[in-house]
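Source file: protein03.txt. Holds: compact mmCIF, C-alpha atoms.
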# COMPACT_ATOMS: atom_id res chain seq x y z
CA MET F 1 -26.55 -14.01 -0.88
CA GLU F 2 -26.61 -10.36 -1.98
CA ILE F 3 -23.19 -8.70 -2.22
CA ARG F 4 -24.73 -5.36 -1.25
CA ASN F 5 -25.92 -6.96 2.00
CA ILE F 6 -22.37 -8.13 2.70
CA VAL F 7 -21.06 -4.61 2.03
CA THR F 8 -23.65 -3.17 4.40
CA PHE F 9 -22.76 -5.75 7.07
CA VAL F 10 -19.05 -4.87 6.91
CA LYS F 11 -19.73 -1.13 6.95
CA ALA F 12 -22.15 -1.45 9.88
CA THR F 13 -19.47 -3.36 11.77
CA GLU F 14 -17.03 -0.51 11.17
CA MET F 15 -19.47 2.29 12.01
CA GLN F 16 -21.26 0.49 14.89
CA SER F 17 -24.40 2.34 13.85
CA PHE F 18 -27.06 1.67 11.22
CA THR F 19 -27.68 5.43 10.93
CA LYS F 20 -24.04 6.19 10.17
CA THR F 21 -23.87 3.20 7.82
CA ALA F 22 -26.85 4.50 5.88
CA ALA F 23 -25.21 7.93 5.55
CA GLN F 24 -21.93 6.37 4.36
CA LEU F 25 -23.57 4.12 1.77
CA GLY F 26 -26.30 6.49 0.61
CA TYR F 27 -29.19 4.35 1.87
CA SER F 28 -32.05 5.08 4.20
CA GLN F 29 -31.73 3.66 7.70
CA ALA F 30 -34.72 1.43 6.96
CA ALA F 31 -32.91 -0.02 3.92
CA VAL F 32 -29.87 -0.85 6.04
CA THR F 33 -32.08 -2.57 8.62
CA VAL F 34 -33.79 -4.61 5.88
CA GLN F 35 -30.49 -5.66 4.31
CA ILE F 36 -29.06 -6.83 7.63
CA LYS F 37 -32.31 -8.69 8.39
CA GLN F 38 -32.13 -10.42 4.99
CA LEU F 39 -28.57 -11.53 5.68
CA GLU F 40 -29.47 -12.75 9.16
CA ASP F 41 -32.41 -14.73 7.74
CA GLU F 42 -30.16 -16.33 5.12
CA LEU F 43 -27.57 -17.31 7.72
CA GLY F 44 -30.14 -18.33 10.31
CA THR F 45 -28.52 -16.32 13.08
CA GLN F 46 -28.43 -12.84 14.62
CA LEU F 47 -25.37 -10.86 13.52
CA PHE F 48 -25.79 -7.70 15.62
CA ASP F 49 -26.93 -6.80 19.10
CA ARG F 50 -28.94 -3.57 18.97
CA ILE F 51 -28.00 -1.45 21.99
CA GLY F 52 -29.75 1.91 21.91
CA ARG F 53 -28.55 3.71 18.78
CA SER F 54 -25.43 1.59 18.42
CA VAL F 55 -24.91 -1.95 17.17
CA LYS F 56 -22.27 -4.49 18.05
CA LEU F 57 -21.38 -7.83 16.52
CA THR F 58 -22.74 -10.92 18.21
CA HIS F 59 -20.52 -14.00 18.52
CA SER F 60 -22.06 -15.27 15.27
CA GLY F 61 -21.34 -11.92 13.61
CA GLU F 62 -17.69 -12.11 14.65
CA LYS F 63 -17.44 -15.64 13.22
CA PHE F 64 -19.02 -14.51 9.93
CA MET F 65 -16.79 -11.43 9.46
CA PRO F 66 -13.75 -13.26 7.94
CA TYR F 67 -16.05 -14.91 5.38
CA ALA F 68 -17.63 -11.56 4.52
CA LEU F 69 -14.24 -9.95 3.96
CA ARG F 70 -13.10 -12.83 1.76
CA LEU F 71 -16.29 -12.55 -0.29
CA LEU F 72 -15.75 -8.83 -0.88
CA LYS F 73 -12.09 -9.41 -1.71
CA SER F 74 -13.08 -11.98 -4.33
CA VAL F 75 -15.64 -9.59 -5.82
CA GLU F 76 -13.03 -6.80 -6.10
CA GLU F 77 -10.54 -9.16 -7.72
CA ALA F 78 -13.14 -10.42 -10.18
CA ALA F 79 -14.15 -6.87 -11.10
CA SER F 80 -10.55 -5.82 -11.73
CA PHE F 81 -8.88 -8.83 -13.32
CA MET F 82 -9.38 -7.51 -16.89
CA LYS F 83 -7.56 -4.28 -15.99
CA GLU F 84 -4.45 -5.83 -14.48
CA ASP F 85 -2.48 -5.53 -17.72
CA ASP F 86 -3.45 -1.87 -18.14
CA GLU F 87 -1.60 1.10 -16.68
CA PRO F 88 -2.74 1.60 -13.06
CA SER F 89 -5.27 4.39 -12.69
CA GLY F 90 -7.49 5.69 -9.94
CA THR F 91 -7.07 7.28 -6.52
CA LEU F 92 -4.57 6.36 -3.81
CA ARG F 93 -5.42 7.52 -0.28
CA ILE F 94 -2.59 7.78 2.23
CA GLY F 95 -2.64 8.87 5.87
CA ALA F 96 0.49 10.42 7.34
CA SER F 97 1.64 12.66 10.15
CA SER F 98 2.69 16.22 9.43
CA SER F 99 6.32 15.08 9.82
CA PHE F 100 5.97 12.56 7.02
CA SER F 101 4.03 14.97 4.86
CA ALA F 102 6.84 17.51 5.14
CA GLY F 103 9.78 15.13 5.35
CA ILE F 104 9.50 11.93 3.36
CA LEU F 105 6.50 12.27 1.01
CA PRO F 106 8.08 15.01 -1.16
CA GLY F 107 10.80 12.48 -1.98
CA ILE F 108 8.28 9.83 -2.99
CA LEU F 109 5.34 11.40 -4.76
CA PRO F 110 6.91 13.29 -7.71
CA GLY F 111 8.69 10.17 -8.98
CA PHE F 112 5.63 8.02 -8.43
CA HIS F 113 3.43 10.49 -10.30
CA GLU F 114 5.91 10.59 -13.17
CA LYS F 115 5.81 6.80 -13.45
CA TYR F 116 2.05 6.50 -12.91
CA PRO F 117 0.46 9.73 -14.22
CA LYS F 118 -3.07 8.26 -14.14
CA VAL F 119 -2.99 7.80 -10.37
CA ASP F 120 -4.28 10.63 -8.19
CA VAL F 121 -2.82 10.70 -4.67
CA VAL F 122 -4.75 12.10 -1.71
CA ILE F 123 -2.81 12.71 1.53
CA LYS F 124 -4.76 13.00 4.77
CA THR F 125 -2.59 14.51 7.49
CA SER F 126 -3.13 13.77 11.16
CA ASP F 127 -0.74 13.58 14.11
CA MET F 128 -3.19 11.35 16.00
CA LEU F 129 -2.08 7.81 15.13
CA THR F 130 -5.25 6.21 16.48
CA SER F 131 -7.42 8.30 14.16
CA THR F 132 -5.47 7.27 11.05
CA PHE F 133 -5.74 3.61 12.03
CA ASP F 134 -9.49 4.13 12.44
CA LEU F 135 -9.70 5.58 8.92
CA LEU F 136 -7.71 2.62 7.61
CA ARG F 137 -10.06 0.20 9.36
CA GLN F 138 -13.08 2.01 7.89
CA ASN F 139 -11.58 1.76 4.38
CA GLU F 140 -11.29 5.53 4.06
CA LEU F 141 -7.53 5.15 3.57
CA ASP F 142 -5.51 2.62 1.57
CA PHE F 143 -2.27 3.03 3.53
CA ILE F 144 -0.81 4.93 6.44
CA PHE F 145 2.82 5.88 7.03
CA THR F 146 4.08 5.50 10.59
CA LEU F 147 7.36 5.87 12.43
CA GLU F 148 7.10 3.27 15.19
CA ARG F 149 8.46 0.02 16.51
CA LYS F 150 7.78 -3.03 14.34
CA LEU F 151 4.05 -3.51 13.90
CA ILE F 152 2.48 -6.55 15.56
CA SER F 153 -1.24 -6.65 14.84
CA ALA F 154 -4.03 -9.05 13.96
CA ASP F 155 -5.73 -6.41 11.81
CA PHE F 156 -2.91 -4.57 10.02
CA VAL F 157 0.23 -5.49 8.11
CA SER F 158 3.38 -3.59 7.13
CA VAL F 159 4.04 -3.91 3.38
CA ALA F 160 7.18 -1.75 3.14
CA GLU F 161 9.55 -0.62 5.87
CA ARG F 162 12.91 0.98 6.59
CA LYS F 163 14.89 1.20 9.83
CA GLU F 164 15.41 4.81 10.94
CA ASP F 165 18.07 6.49 13.07
CA ILE F 166 16.90 8.96 15.71
CA VAL F 167 19.59 11.51 16.64
CA PHE F 168 20.21 14.38 19.05
CA VAL F 169 20.68 17.63 17.12
CA THR F 170 21.51 21.24 17.85
CA ASN F 171 22.73 24.38 16.15
CA PRO F 172 26.39 24.12 14.98
CA ASP F 173 27.25 27.15 17.18
CA ASN F 174 26.07 25.36 20.31
CA PRO F 175 29.12 24.21 22.37
CA LEU F 176 27.61 20.71 22.46
CA ALA F 177 28.14 20.41 18.70
CA ALA F 178 31.94 20.57 19.11
CA MET F 179 32.16 18.21 22.08
CA LYS F 180 32.90 14.46 21.96
CA ASN F 181 31.11 11.77 23.99
CA VAL F 182 28.69 14.22 25.55
CA PRO F 183 26.88 12.61 28.53
CA LEU F 184 23.16 12.15 27.96
CA GLU F 185 22.49 14.04 31.18
CA ARG F 186 24.17 17.08 29.64
CA VAL F 187 22.39 16.76 26.30
CA VAL F 188 18.89 16.87 27.78
CA ARG F 189 19.64 19.32 30.59
CA ASP F 190 19.20 22.77 29.01
CA ASN F 191 16.75 24.12 26.43
CA PHE F 192 15.60 20.70 25.31
CA ILE F 193 12.72 20.84 22.81
CA THR F 194 10.59 17.74 22.29
CA SER F 195 7.80 16.71 19.96
CA ASP F 196 4.57 15.35 21.46
CA ARG F 197 5.44 13.39 24.58
CA GLY F 198 3.85 10.00 25.04
CA VAL F 199 3.96 9.00 21.36
CA SER F 200 6.48 7.32 19.06
CA TYR F 201 10.18 8.12 19.40
CA GLY F 202 9.59 10.82 22.05
CA LEU F 203 8.01 8.25 24.34
CA TYR F 204 10.78 5.71 23.75
CA MET F 205 13.49 8.32 24.39
CA GLU F 206 11.83 9.16 27.70
CA GLU F 207 11.71 5.46 28.59
CA ALA F 208 15.41 5.02 27.68
CA LEU F 209 16.41 8.00 29.82
CA ALA F 210 14.35 6.68 32.75
CA GLU F 211 16.11 3.32 32.50
CA ARG F 212 19.39 5.19 32.93
CA GLY F 213 18.07 7.16 35.89
CA ILE F 214 18.19 10.45 33.98
CA ASN F 215 15.67 13.13 34.93
CA TYR F 216 14.14 14.66 31.85
CA HIS F 217 12.27 17.97 31.86
CA PRO F 218 11.95 19.53 28.38
CA SER F 219 11.77 23.29 28.26
CA LEU F 220 9.36 23.21 25.32
CA GLU F 221 6.99 20.72 23.69
CA ILE F 222 5.85 21.30 20.09
CA GLY F 223 3.81 18.95 17.92
CA SER F 224 5.47 20.10 14.68
CA THR F 225 8.93 18.73 13.90
CA SER F 226 9.30 21.42 11.23
CA ALA F 227 8.87 24.08 13.92
CA ILE F 228 11.42 22.32 16.13
CA ILE F 229 13.96 22.22 13.32
CA ASN F 230 13.40 25.89 12.52
CA MET F 231 13.92 26.89 16.15
CA ILE F 232 17.11 24.87 16.49
CA CYS F 233 18.46 26.24 13.22
CA GLN F 234 18.00 29.67 14.78
CA GLY F 235 20.16 28.60 17.71
CA LYS F 236 17.43 27.83 20.22
CA GLY F 237 17.92 24.49 21.88
CA VAL F 238 18.50 20.79 21.41
CA SER F 239 16.15 18.04 20.24
CA PHE F 240 15.84 14.35 19.40
CA LEU F 241 14.60 13.78 15.85
CA PRO F 242 14.42 11.21 13.06
CA LYS F 243 17.58 11.67 11.01
CA PHE F 244 15.71 11.66 7.70
CA LEU F 245 13.86 14.80 8.80
CA ALA F 246 17.07 16.56 9.84
CA ASP F 247 19.26 15.41 6.92
CA ASP F 248 18.71 18.46 4.72
CA PRO F 249 19.63 21.13 7.34
CA ILE F 250 22.50 18.89 8.52
CA ASN F 251 23.88 18.67 4.98
CA HIS F 252 23.58 22.45 4.61
CA GLY F 253 25.35 23.11 7.90
CA ALA F 254 22.30 24.48 9.71
CA LEU F 255 22.10 21.58 12.18
CA ALA F 256 24.70 19.35 13.81
CA ILE F 257 24.41 15.88 15.32
CA ILE F 258 25.57 15.74 18.95
CA ASP F 259 28.17 13.07 19.67
CA THR F 260 26.52 11.20 22.52
CA GLU F 261 25.34 7.73 23.44
CA LYS F 262 23.15 6.23 20.74
CA LEU F 263 19.75 5.09 21.95
CA GLU F 264 19.02 1.82 20.16
CA MET F 265 15.28 2.03 19.64
CA GLN F 266 14.63 -0.06 16.53
CA MET F 267 12.32 2.54 15.01
CA TRP F 268 10.93 1.85 11.56
CA THR F 269 9.21 3.85 8.87
CA GLN F 270 6.37 1.56 7.86
CA LEU F 271 3.71 1.60 5.16
CA ILE F 272 0.69 -0.13 6.68
CA ARG F 273 -2.53 -1.47 5.21
CA LEU F 274 -5.54 -3.36 6.50
CA LYS F 275 -4.61 -7.06 6.48
CA ASN F 276 -7.78 -8.30 4.80
CA LYS F 277 -7.97 -5.52 2.21
CA TRP F 278 -7.27 -6.57 -1.37
CA MET F 279 -4.27 -4.91 -2.98
CA ASN F 280 -5.70 -3.33 -6.12
CA PRO F 281 -3.35 -2.41 -9.02
CA VAL F 282 -2.89 1.18 -7.78
CA MET F 283 -1.93 0.03 -4.29
CA LYS F 284 0.39 -2.65 -5.65
CA ALA F 285 2.10 -0.11 -7.93
CA PHE F 286 2.76 2.20 -4.98
CA VAL F 287 4.17 -0.59 -2.80
CA ASP F 288 6.45 -1.80 -5.61
CA TYR F 289 7.66 1.75 -6.28
CA LEU F 290 8.31 2.41 -2.61
CA ARG F 291 10.27 -0.82 -2.14
CA GLU F 292 12.42 -0.01 -5.18
CA ASN F 293 13.16 3.56 -4.08
CA PHE F 294 13.09 3.53 -0.27
CA HIS F 295 16.88 3.56 -0.01
CA GLN F 296 17.08 6.74 -2.10
CA LEU F 297 14.61 8.72 -0.03
CA ALA F 298 15.47 11.30 2.62
Translate this structure into structure tokens?
Amino acid sequence: MEIRNIVTFVKATEMQSFTKTAAQLGYSQAAVTVQIKQLEDELGTQLFDRIGRSVKLTHSGEKFMPYALRLLKSVEEAASFMKEDDEPSGTLRIGASSSFSAGILPGILPGFHEKYPKVDVVIKTSDMLTSTFDLLRQNELDFIFTLERKLISADFVSVAERKEDIVFVTNPDNPLAAMKNVPLERVVRDNFITSDRGVSYGLYMEEALAERGINYHPSLEIGSTSAIINMICQGKGVSFLPKFLADDPINHGALAIIDTEKLEMQMWTQLIRLKNKWMNPVMKAFVDYLRENFHQLA
């Protein structure tokens, strides 16, 4: 059984197109078709249904996929076992939202680079969580950082995580900053600025307010948490943000946490990888470093 045929099978499953698979792997479309046919002949079954220009796994293809992934994992491990005692080197590809790129990654990457100078880190920024998971599934990323509820997935696994506080913040000159036990209705009533609604902590805040019967109509919605923080530092509004993103301006007196009811959301910063992907030495080094230093990060 040719390993290259297994690689082509897995990539075709991800891309759902022989044409796109050929472009990704540097083959002609005819070569991809031949490789899949060879694999199907060896297994004595059809692995893909051809539907127009797209392909989709048959039931037999779905049953074979776990074996294919284990085969590729074994090949990667065999190719790398002689290097395990060497200093990790290579490229690490991480997907993260703009918030993480601006907020938490600057506290991670300099120290990691100092400890592992032979590792090059590539950060791909996207605020569309589904697109980063797609890149992870297609093996174009090694990890993604998310701020979400605990991950429950058949395809992905969290390898490092930290519980995060989400707080209501405003400018220290806002009267709300000096008040105690401010009702939630008052906090969200005037000049409330939110990040993208319908995702992550913004969605869960909206759900929590609805459970309490609180009408919520933000005056402004901005996808960039950095822009929100800048606006509030200038005295324009109130928002609900991960504390690690607001810590620096809070410590410098540019932001203040509003004393109000705490919304228990169980939000976690998580480093996520594809469950069946082998942890190469570079990936393992990053996970170990993150676990050792998570508590020190912003």
What lies within 8 Å of Ile6 in chain F using all atoms listed in the file, ignoring chain neighbours under 6 positions off, as a list in words?
Leu39, Ala68 and Leu72 of chain F
Could the residues of range 80-167 of chain F that have an atom at most 7 Å from range 239-253 of chain F be listed as JSON lines, each with its closest atom pair and the distance in Å to one decimal, counting all atoms listed in the file and ordered by chain and ascending residue number?
{"residue": "F:Gly103", "atom": "CA", "partner": "F:Leu245", "partner_atom": "CA", "distance": 5.4}
{"residue": "F:Glu164", "atom": "CA", "partner": "F:Pro242", "partner_atom": "CA", "distance": 6.8}
{"residue": "F:Asp165", "atom": "CA", "partner": "F:Lys243", "partner_atom": "CA", "distance": 5.6}
{"residue": "F:Ile166", "atom": "CA", "partner": "F:Pro242", "partner_atom": "CA", "distance": 4.3}
{"residue": "F:Val167", "atom": "CA", "partner": "F:Phe240", "partner_atom": "CA", "distance": 5.5}
Quote the spacing between CA of Gln138 in chain F and CA of Ile108 in chain F in Å to one decimal place.
25.2 Å
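Between Glu264 in chain F and the candidates F:His217, F:Lys11, F:Arg149, F:His113, the tightest atom-to-atom separation, counting all atoms listed in the file, involves F:Arg149.
Pairwise distance (CA of Gln234 in chain F, CA of Ser219 in chain F) equals 16.2 Å.
In terms of minimum interatomic distance to Ala31 in chain F, F:Thr19 ranks closest within F:Thr45, F:Ser98, F:Ser200, F:Thr19, counting all atoms listed in the file.
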List every residue of range 76-123 of chain F that has an atom at most 10 Å from any atom of range 283-291 of chain F, and for each one report the closest atom pair and its distance in Å to one decimal, counting all atoms listed in the file, with rows sorted by chain and then by increasing residue number, as a Markdown table.
| residue | atom | partner | partner_atom | distance |
| --- | --- | --- | --- | --- |
| F:Glu87 | CA | F:Ala285 | CA | 9.6 |
| F:Pro88 | CA | F:Ala285 | CA | 7.3 |
| F:Ser89 | CA | F:Ala285 | CA | 9.9 |
| F:Gly90 | CA | F:Met283 | CA | 9.7 |
| F:Thr91 | CA | F:Met283 | CA | 9.2 |
| F:Leu92 | CA | F:Met283 | CA | 6.9 |
| F:Arg93 | CA | F:Met283 | CA | 9.2 |
| F:Ile108 | CA | F:Leu290 | CA | 7.4 |
| F:Leu109 | CA | F:Phe286 | CA | 9.6 |
| F:Gly111 | CA | F:Tyr289 | CA | 8.9 |
| F:Phe112 | CA | F:Tyr289 | CA | 6.9 |
| F:His113 | CA | F:Phe286 | CA | 9.9 |
| F:Lys115 | CA | F:Tyr289 | CA | 9.0 |
| F:Tyr116 | CA | F:Ala285 | CA | 8.3 |
| F:Val119 | CA | F:Phe286 | CA | 9.7 |
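The shortest atom-to-atom distance to Ser131 in chain F, with all atoms listed in the file taken into account, belongs to F:Ala96 out of F:Phe64, F:Ala96, F:Ala154, F:Val32.
Considering the residues F:Thr146, F:Val282, F:Val121, F:Pro175 and counting only C-alpha atoms, Gly235 in chain F has its shortest atom-to-atom contact with F:Pro175.
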Need to verify the contact set: Ser126 in chain F, 10 Å, all atoms listed in the file, exclusion of same-chain residues closer than 2 positions in sequence. Can you return it as a PDB file with C-alpha atoms, in the coordinates of the input?
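Once written, result03.pdb looks like this:
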ATOM      1  CA  GLY F  95      -2.640   8.870   5.870  1.00  0.00           C
ATOM      2  CA  ALA F  96       0.490  10.420   7.340  1.00  0.00           C
ATOM      3  CA  SER F  97       1.640  12.660  10.150  1.00  0.00           C
ATOM      4  CA  SER F  98       2.690  16.220   9.430  1.00  0.00           C
ATOM      5  CA  SER F  99       6.320  15.080   9.820  1.00  0.00           C
ATOM      6  CA  SER F 101       4.030  14.970   4.860  1.00  0.00           C
ATOM      7  CA  ILE F 123      -2.810  12.710   1.530  1.00  0.00           C
ATOM      8  CA  LYS F 124      -4.760  13.000   4.770  1.00  0.00           C
ATOM      9  CA  MET F 128      -3.190  11.350  16.000  1.00  0.00           C
ATOM     10  CA  LEU F 129      -2.080   7.810  15.130  1.00  0.00           C
ATOM     11  CA  THR F 130      -5.250   6.210  16.480  1.00  0.00           C
ATOM     12  CA  SER F 131      -7.420   8.300  14.160  1.00  0.00           C
ATOM     13  CA  THR F 132      -5.470   7.270  11.050  1.00  0.00           C
TER      14      THR F 132
END
Can you complete the atoms of range 163-181 of chain F to N, CA and C atoms and list them as a tab-separated table (two decimals), in the coordinates of the input?
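Ended up saving to out.tsv:
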chain	number	residue	atom	x	y	z
F	163	LYS	N	14.41	0.85	8.50
F	163	LYS	CA	14.89	1.20	9.83
F	163	LYS	C	15.38	2.65	9.82
F	164	GLU	N	15.05	3.40	10.87
F	164	GLU	CA	15.41	4.81	10.94
F	164	GLU	C	16.30	5.09	12.15
F	165	ASP	N	17.26	6.00	11.96
F	165	ASP	CA	18.07	6.49	13.07
F	165	ASP	C	17.40	7.72	13.67
F	166	ILE	N	17.40	7.79	14.99
F	166	ILE	CA	16.90	8.96	15.71
F	166	ILE	C	18.11	9.59	16.39
F	167	VAL	N	18.34	10.89	16.18
F	167	VAL	CA	19.59	11.51	16.64
F	167	VAL	C	19.30	12.77	17.46
F	168	PHE	N	20.26	13.11	18.33
F	168	PHE	CA	20.21	14.38	19.05
F	168	PHE	C	20.86	15.44	18.18
F	169	VAL	N	20.18	16.57	17.99
F	169	VAL	CA	20.68	17.63	17.12
F	169	VAL	C	20.65	18.97	17.83
F	170	THR	N	21.49	19.88	17.34
F	170	THR	CA	21.51	21.24	17.85
F	170	THR	C	22.07	22.14	16.77
F	171	ASN	N	22.11	23.43	17.07
F	171	ASN	CA	22.73	24.38	16.15
F	171	ASN	C	24.25	24.19	16.16
F	172	PRO	N	24.93	24.31	15.01
F	172	PRO	CA	26.39	24.12	14.98
F	172	PRO	C	27.16	25.06	15.91
F	173	ASP	N	26.56	26.21	16.28
F	173	ASP	CA	27.25	27.15	17.18
F	173	ASP	C	27.09	26.77	18.64
F	174	ASN	N	26.22	25.80	18.93
F	174	ASN	CA	26.07	25.36	20.31
F	174	ASN	C	27.35	24.63	20.74
F	175	PRO	N	27.89	24.89	21.91
F	175	PRO	CA	29.12	24.21	22.37
F	175	PRO	C	29.00	22.69	22.33
F	176	LEU	N	27.80	22.16	22.49
F	176	LEU	CA	27.61	20.71	22.46
F	176	LEU	C	28.00	20.11	21.10
F	177	ALA	N	27.86	20.91	20.05
F	177	ALA	CA	28.14	20.41	18.70
F	177	ALA	C	29.63	20.11	18.51
F	178	ALA	N	30.49	20.76	19.26
F	178	ALA	CA	31.94	20.57	19.11
F	178	ALA	C	32.51	19.56	20.10
F	179	MET	N	31.69	19.11	21.04
F	179	MET	CA	32.16	18.21	22.08
F	179	MET	C	32.07	16.75	21.62
F	180	LYS	N	32.91	15.89	22.23
F	180	LYS	CA	32.90	14.46	21.96
F	180	LYS	C	32.36	13.72	23.20
F	181	ASN	N	31.63	12.63	22.92
F	181	ASN	CA	31.11	11.77	23.99
F	181	ASN	C	30.37	12.57	25.07
